[in-house]
>>> print(open('my_file_4.pdb').read())   # PDB, N, CA and C atoms
ATOM      1  N   ARG A   1       0.827  -1.183   0.000
ATOM      2  CA  ARG A   1       0.000   0.000   0.000
ATOM      3  C   ARG A   1       0.871   1.246   0.000
ATOM      4  N   GLN A   2       0.510   2.209  -0.808
ATOM      5  CA  GLN A   2       1.297   3.430  -0.925
ATOM      6  C   GLN A   2       0.619   4.564  -0.152
ATOM      7  N   ARG A   3       1.418   5.314   0.634
ATOM      8  CA  ARG A   3       0.878   6.445   1.400
ATOM      9  C   ARG A   3       0.830   7.672   0.513
ATOM     10  N   GLN A   4      -0.227   8.430   0.661
ATOM     11  CA  GLN A   4      -0.322   9.682  -0.071
ATOM     12  C   GLN A   4       0.275  10.785   0.784
ATOM     13  N   MET A   5       1.107  11.592   0.169
ATOM     14  CA  MET A   5       1.743  12.692   0.874
ATOM     15  C   MET A   5       1.052  13.989   0.468
ATOM     16  N   CYS A   6       0.892  14.876   1.420
ATOM     17  CA  CYS A   6       0.325  16.190   1.138
ATOM     18  C   CYS A   6       1.404  17.039   0.478
ATOM     19  N   LYS A   7       1.140  17.493  -0.683
ATOM     20  CA  LYS A   7       2.113  18.309  -1.396
ATOM     21  C   LYS A   7       1.959  19.760  -0.969
ATOM     22  N   GLU A   8       3.083  20.443  -0.827
ATOM     23  CA  GLU A   8       3.061  21.848  -0.430
ATOM     24  C   GLU A   8       2.406  22.718  -1.487
ATOM     25  N   THR A   9       2.370  22.246  -2.715
ATOM     26  CA  THR A   9       1.800  23.046  -3.787
ATOM     27  C   THR A   9       0.283  22.951  -3.840
ATOM     28  N   GLU A  10      -0.287  21.956  -3.172
ATOM     29  CA  GLU A  10      -1.736  21.826  -3.159
ATOM     30  C   GLU A  10      -2.331  22.907  -2.259
ATOM     31  N   PRO A  11      -3.460  23.507  -2.673
ATOM     32  CA  PRO A  11      -4.083  24.535  -1.848
ATOM     33  C   PRO A  11      -4.514  23.966  -0.501
ATOM     34  N   GLN A  12      -4.271  24.725   0.521
ATOM     35  CA  GLN A  12      -4.671  24.323   1.876
ATOM     36  C   GLN A  12      -5.442  25.487   2.496
ATOM     37  N   PRO A  13      -6.749  25.554   2.220
ATOM     38  CA  PRO A  13      -7.534  26.708   2.643
ATOM     39  C   PRO A  13      -7.492  26.973   4.141
ATOM     40  N   TRP A  14      -7.344  25.932   4.953
ATOM     41  CA  TRP A  14      -7.299  26.147   6.401
ATOM     42  C   TRP A  14      -6.072  26.957   6.800
ATOM     43  N   LEU A  15      -4.976  26.847   6.024
ATOM     44  CA  LEU A  15      -3.794  27.656   6.310
ATOM     45  C   LEU A  15      -4.069  29.123   6.023
ATOM     46  N   ASP A  16      -4.763  29.397   4.926
ATOM     47  CA  ASP A  16      -5.100  30.773   4.582
ATOM     48  C   ASP A  16      -6.007  31.383   5.642
ATOM     49  N   GLU A  17      -6.977  30.611   6.118
ATOM     50  CA  GLU A  17      -7.891  31.097   7.153
ATOM     51  C   GLU A  17      -7.142  31.361   8.455
ATOM     52  N   ARG A  18      -6.246  30.480   8.785
ATOM     53  CA  ARG A  18      -5.454  30.627  10.014
ATOM     54  C   ARG A  18      -4.582  31.882   9.943
ATOM     55  N   GLN A  19      -3.951  32.091   8.790
ATOM     56  CA  GLN A  19      -3.103  33.259   8.601
ATOM     57  C   GLN A  19      -3.941  34.535   8.660
ATOM     58  N   ALA A  20      -5.097  34.533   8.015
ATOM     59  CA  ALA A  20      -5.969  35.705   8.028
ATOM     60  C   ALA A  20      -6.435  36.029   9.441
ATOM     61  N   ALA A  21      -6.788  35.007  10.204
ATOM     62  CA  ALA A  21      -7.228  35.220  11.586
ATOM     63  C   ALA A  21      -6.096  35.782  12.438
ATOM     64  N   ALA A  22      -4.896  35.252  12.253
ATOM     65  CA  ALA A  22      -3.741  35.726  13.017
ATOM     66  C   ALA A  22      -3.424  37.174  12.658
ATOM     67  N   ARG A  23      -3.470  37.482  11.383
ATOM     68  CA  ARG A  23      -3.160  38.859  10.956
ATOM     69  C   ARG A  23      -4.219  39.846  11.421
ATOM     70  N   ALA A  24      -5.463  39.402  11.504
ATOM     71  CA  ALA A  24      -6.531  40.275  11.996
ATOM     72  C   ALA A  24      -6.253  40.697  13.440
ATOM     73  N   LEU A  25      -5.740  39.771  14.238
ATOM     74  CA  LEU A  25      -5.397  40.096  15.625
ATOM     75  C   LEU A  25      -4.291  41.146  15.707
ATOM     76  N   LEU A  26      -3.389  41.123  14.747
ATOM     77  CA  LEU A  26      -2.236  42.021  14.778
ATOM     78  C   LEU A  26      -2.606  43.474  14.506
ATOM     79  N   ARG A  27      -3.777  43.713  13.944
ATOM     80  CA  ARG A  27      -4.192  45.090  13.639
ATOM     81  C   ARG A  27      -4.326  45.955  14.878
ATOM     82  N   ARG A  28      -4.528  45.334  16.022
ATOM     83  CA  ARG A  28      -4.703  46.112  17.251
ATOM     84  C   ARG A  28      -3.383  46.469  17.935
ATOM     85  N   LEU A  29      -2.271  46.070  17.337
ATOM     86  CA  LEU A  29      -0.965  46.321  17.951
ATOM     87  C   LEU A  29      -0.343  47.626  17.457
ATOM     88  N   SER A  30       0.434  48.242  18.337
ATOM     89  CA  SER A  30       1.223  49.401  17.929
ATOM     90  C   SER A  30       2.409  48.899  17.105
ATOM     91  N   GLU A  31       3.087  49.823  16.456
ATOM     92  CA  GLU A  31       4.247  49.445  15.649
ATOM     93  C   GLU A  31       5.324  48.789  16.517
ATOM     94  N   ARG A  32       5.577  49.338  17.689
ATOM     95  CA  ARG A  32       6.599  48.787  18.590
ATOM     96  C   ARG A  32       6.180  47.408  19.092
ATOM     97  N   GLU A  33       4.910  47.235  19.434
ATOM     98  CA  GLU A  33       4.440  45.922  19.884
ATOM     99  C   GLU A  33       4.634  44.888  18.779
ATOM    100  N   LEU A  34       4.362  45.281  17.558
ATOM    101  CA  LEU A  34       4.549  44.364  16.430
ATOM    102  C   LEU A  34       6.016  44.004  16.262
ATOM    103  N   GLU A  35       6.907  44.976  16.427
ATOM    104  CA  GLU A  35       8.351  44.706  16.339
ATOM    105  C   GLU A  35       8.779  43.714  17.417
ATOM    106  N   VAL A  36       8.253  43.882  18.618
ATOM    107  CA  VAL A  36       8.591  42.967  19.712
ATOM    108  C   VAL A  36       8.036  41.573  19.414
ATOM    109  N   LEU A  37       6.814  41.505  18.886
ATOM    110  CA  LEU A  37       6.226  40.206  18.548
ATOM    111  C   LEU A  37       7.054  39.490  17.487
ATOM    112  N   VAL A  38       7.527  40.210  16.493
ATOM    113  CA  VAL A  38       8.378  39.608  15.465
ATOM    114  C   VAL A  38       9.632  39.026  16.119
ATOM    115  N   ALA A  39      10.226  39.780  17.029
ATOM    116  CA  ALA A  39      11.433  39.307  17.717
ATOM    117  C   ALA A  39      11.150  38.067  18.561
ATOM    118  N   VAL A  40      10.019  38.065  19.252
ATOM    119  CA  VAL A  40       9.623  36.889  20.044
ATOM    120  C   VAL A  40       9.435  35.697  19.107
ATOM    121  N   GLY A  41       8.787  35.937  17.973
ATOM    122  CA  GLY A  41       8.560  34.877  16.997
ATOM    123  C   GLY A  41       9.849  34.295  16.440
ATOM    124  N   ARG A  42      10.887  35.099  16.422
ATOM    125  CA  ARG A  42      12.203  34.624  15.957
ATOM    126  C   ARG A  42      12.961  33.874  17.045
ATOM    127  N   GLY A  43      12.408  33.864  18.248
ATOM    128  CA  GLY A  43      13.044  33.111  19.331
ATOM    129  C   GLY A  43      14.027  33.913  20.159
ATOM    130  N   LEU A  44      14.017  35.230  20.023
ATOM    131  CA  LEU A  44      14.940  36.046  20.803
ATOM    132  C   LEU A  44      14.521  36.098  22.270
ATOM    133  N   THR A  45      15.492  36.172  23.144
ATOM    134  CA  THR A  45      15.224  36.326  24.577
ATOM    135  C   THR A  45      14.876  37.785  24.859
ATOM    136  N   ASN A  46      14.371  38.050  26.058
ATOM    137  CA  ASN A  46      14.072  39.432  26.440
ATOM    138  C   ASN A  46      15.315  40.311  26.354
ATOM    139  N   ALA A  47      16.450  39.783  26.810
ATOM    140  CA  ALA A  47      17.702  40.547  26.768
ATOM    141  C   ALA A  47      18.096  40.854  25.324
ATOM    142  N   GLU A  48      17.949  39.881  24.437
ATOM    143  CA  GLU A  48      18.282  40.098  23.029
ATOM    144  C   GLU A  48      17.343  41.108  22.377
ATOM    145  N   ILE A  49      16.069  41.030  22.729
ATOM    146  CA  ILE A  49      15.092  41.992  22.201
ATOM    147  C   ILE A  49      15.444  43.394  22.696
ATOM    148  N   ALA A  50      15.765  43.505  23.980
ATOM    149  CA  ALA A  50      16.133  44.805  24.551
ATOM    150  C   ALA A  50      17.317  45.404  23.806
ATOM    151  N   GLU A  51      18.298  44.574  23.527
ATOM    152  CA  GLU A  51      19.498  45.057  22.846
ATOM    153  C   GLU A  51      19.212  45.467  21.404
ATOM    154  N   THR A  52      18.497  44.626  20.673
ATOM    155  CA  THR A  52      18.258  44.914  19.251
ATOM    156  C   THR A  52      17.242  46.037  19.037
ATOM    157  N   GLN A  53      16.308  46.189  19.981
ATOM    158  CA  GLN A  53      15.276  47.217  19.835
ATOM    159  C   GLN A  53      15.606  48.491  20.610
ATOM    160  N   HIS A  54      16.767  48.497  21.268
ATOM    161  CA  HIS A  54      17.201  49.660  22.061
ATOM    162  C   HIS A  54      16.176  50.009  23.138
ATOM    163  N   LEU A  55      15.803  48.983  23.895
ATOM    164  CA  LEU A  55      14.837  49.125  24.983
ATOM    165  C   LEU A  55      15.460  48.657  26.283
ATOM    166  N   ALA A  56      14.909  49.116  27.381
ATOM    167  CA  ALA A  56      15.298  48.587  28.684
ATOM    168  C   ALA A  56      14.669  47.201  28.827
ATOM    169  N   PRO A  57      15.349  46.275  29.493
ATOM    170  CA  PRO A  57      14.767  44.939  29.700
ATOM    171  C   PRO A  57      13.387  44.985  30.357
ATOM    172  N   SER A  58      13.195  45.923  31.268
ATOM    173  CA  SER A  58      11.880  46.036  31.921
ATOM    174  C   SER A  58      10.809  46.463  30.915
ATOM    175  N   SER A  59      11.190  47.265  29.929
ATOM    176  CA  SER A  59      10.233  47.668  28.885
ATOM    177  C   SER A  59       9.838  46.476  28.021
ATOM    178  N   VAL A  60      10.796  45.620  27.737
ATOM    179  CA  VAL A  60      10.487  44.416  26.955
ATOM    180  C   VAL A  60       9.486  43.561  27.714
ATOM    181  N   LYS A  61       9.692  43.388  29.012
ATOM    182  CA  LYS A  61       8.748  42.605  29.827
ATOM    183  C   LYS A  61       7.360  43.215  29.770
ATOM    184  N   THR A  62       7.295  44.552  29.804
ATOM    185  CA  THR A  62       6.006  45.239  29.727
ATOM    186  C   THR A  62       5.353  44.991  28.369
ATOM    187  N   TYR A  63       6.134  45.088  27.299
ATOM    188  CA  TYR A  63       5.588  44.827  25.962
ATOM    189  C   TYR A  63       5.082  43.390  25.836
ATOM    190  N   ILE A  64       5.835  42.450  26.363
ATOM    191  CA  ILE A  64       5.419  41.043  26.308
ATOM    192  C   ILE A  64       4.093  40.877  27.061
ATOM    193  N   SER A  65       3.996  41.473  28.216
ATOM    194  CA  SER A  65       2.767  41.393  29.004
ATOM    195  C   SER A  65       1.583  41.994  28.247
ATOM    196  N   ARG A  66       1.802  43.139  27.624
ATOM    197  CA  ARG A  66       0.734  43.773  26.830
ATOM    198  C   ARG A  66       0.332  42.904  25.652
ATOM    199  N   LEU A  67       1.321  42.301  24.994
ATOM    200  CA  LEU A  67       1.023  41.413  23.871
ATOM    201  C   LEU A  67       0.169  40.228  24.316
ATOM    202  N   LEU A  68       0.537  39.632  25.431
ATOM    203  CA  LEU A  68      -0.228  38.493  25.942
ATOM    204  C   LEU A  68      -1.677  38.890  26.193
ATOM    205  N   THR A  69      -1.877  40.057  26.790
ATOM    206  CA  THR A  69      -3.222  40.533  27.100
ATOM    207  C   THR A  69      -3.992  40.881  25.828
ATOM    208  N   LYS A  70      -3.399  41.700  24.969
ATOM    209  CA  LYS A  70      -4.082  42.148  23.755
ATOM    210  C   LYS A  70      -4.425  41.002  22.816
ATOM    211  N   LEU A  71      -3.549  40.018  22.753
ATOM    212  CA  LEU A  71      -3.727  38.925  21.795
ATOM    213  C   LEU A  71      -4.381  37.696  22.417
ATOM    214  N   GLY A  72      -4.688  37.770  23.708
ATOM    215  CA  GLY A  72      -5.376  36.662  24.365
ATOM    216  C   GLY A  72      -4.565  35.388  24.426
ATOM    217  N   ARG A  73      -3.275  35.530  24.619
ATOM    218  CA  ARG A  73      -2.405  34.362  24.707
ATOM    219  C   ARG A  73      -1.997  34.135  26.150
ATOM    220  N   ARG A  74      -1.734  32.879  26.484
ATOM    221  CA  ARG A  74      -1.416  32.509  27.857
ATOM    222  C   ARG A  74       0.053  32.663  28.193
ATOM    223  N   ASP A  75       0.900  32.417  27.190
ATOM    224  CA  ASP A  75       2.336  32.436  27.452
ATOM    225  C   ASP A  75       3.111  32.783  26.185
ATOM    226  N   ARG A  76       4.399  32.839  26.320
ATOM    227  CA  ARG A  76       5.284  33.218  25.218
ATOM    228  C   ARG A  76       5.162  32.263  24.035
ATOM    229  N   VAL A  77       4.964  30.991  24.307
ATOM    230  CA  VAL A  77       4.794  30.011  23.233
ATOM    231  C   VAL A  77       3.583  30.375  22.377
ATOM    232  N   GLY A  78       2.519  30.840  23.018
ATOM    233  CA  GLY A  78       1.335  31.278  22.278
ATOM    234  C   GLY A  78       1.651  32.433  21.343
ATOM    235  N   LEU A  79       2.528  33.324  21.781
ATOM    236  CA  LEU A  79       2.946  34.445  20.926
ATOM    237  C   LEU A  79       3.766  33.942  19.741
ATOM    238  N   VAL A  80       4.633  32.981  19.998
ATOM    239  CA  VAL A  80       5.465  32.415  18.917
ATOM    240  C   VAL A  80       4.569  31.741  17.875
ATOM    241  N   ILE A  81       3.587  30.995  18.329
ATOM    242  CA  ILE A  81       2.670  30.311  17.407
ATOM    243  C   ILE A  81       1.888  31.323  16.587
ATOM    244  N   LEU A  82       1.417  32.377  17.236
ATOM    245  CA  LEU A  82       0.680  33.415  16.524
ATOM    246  C   LEU A  82       1.560  34.106  15.481
ATOM    247  N   ALA A  83       2.790  34.417  15.853
ATOM    248  CA  ALA A  83       3.720  35.039  14.908
ATOM    249  C   ALA A  83       3.967  34.124  13.710
ATOM    250  N   ARG A  84       4.097  32.848  13.979
ATOM    251  CA  ARG A  84       4.301  31.877  12.884
ATOM    252  C   ARG A  84       3.058  31.792  11.999
ATOM    253  N   ASP A  85       1.887  31.738  12.632
ATOM    254  CA  ASP A  85       0.634  31.655  11.868
ATOM    255  C   ASP A  85       0.441  32.881  10.990
ATOM    256  N   ALA A  86       0.862  34.047  11.484
ATOM    257  CA  ALA A  86       0.714  35.298  10.723
ATOM    258  C   ALA A  86       1.835  35.463   9.700
ATOM    259  N   ASP A  87       2.782  34.541   9.716
ATOM    260  CA  ASP A  87       3.929  34.565   8.796
ATOM    261  C   ASP A  87       4.779  35.805   8.984
ATOM    262  N   LEU A  88       4.982  36.175  10.265
ATOM    263  CA  LEU A  88       5.832  37.320  10.582
ATOM    264  C   LEU A  88       7.281  36.911  10.478
ATOM    265  N   ARG A  89       8.098  37.796   9.937
ATOM    266  CA  ARG A  89       9.532  37.516   9.798
ATOM    267  C   ARG A  89      10.333  38.723  10.152
TER     268      ARG A  89
END
>>> encode(input="my_file_4.pdb", output="structure tokens")
Amino acid sequence: RQRQMCKETEPQPWLDERQAAARALLRRLSERELEVLVAVGRGLTNAEIAETQHLAPSSVKTYISRLLTKLGRRDRVGLVILARDADLR
């Protein structure tokens, strides 16, 4: 018996819906919050985000907290998943 593989070229409407839903959530973010979310999505630590964004570490913690609240996520992993779903880079 041969297994069928899902080809990346085949349309996957659920991915488009997921991306659209994730991007809709991002509309409520400020430009700086979006920059921090992109950095979180890339796997940067708070210290790395502070350094690259020229912020105090305490400010990064505040931004992360605001992101969690605004986006209805429980933890940092939820932010990473959302950033991935929205195709943030």
>>> resolve_selection(input="my_file_4.pdb", expression="the PyMOL selection byres (((chain A and resi 40 and name CA) around 10) and name CA)", output="ChimeraX atom specification")
/A:34-39,41-46,48-49,64,76-77,79-81,83
>>> closest_residue(input="my_file_4.pdb", among="A:Arg23, A:Ala47, A:Leu29, A:Asp16", to="A:Leu68", atoms="only C-alpha atoms")
A:Leu29
>>> select_by_dssp(input="my_file_4.pdb", residues="chain A", states="helix (DSSP H, G or I)", output="NGL selection string")
:A and (13-26 or 31-41 or 46-53 or 57-71 or 76-85)
>>> atom_distance(input="my_file_4.pdb", atom1="atom CA of A:Thr69", atom2="atom CA of A:Leu82")
13.3 Å
>>> closest_residue(input="my_file_4.pdb", among="A:Leu25, A:Arg18, A:Glu33, A:Gln53", to="A:Ser65", atoms="only C-alpha atoms")
A:Glu33
>>> atom_distance(input="my_file_4.pdb", atom1="atom CA of A:Arg84", atom2="atom CA of A:Arg32")
18.0 Å
>>> atom_distance(input="my_file_4.pdb", atom1="atom CA of A:Ala86", atom2="atom C of A:Ala56")
25.8 Å
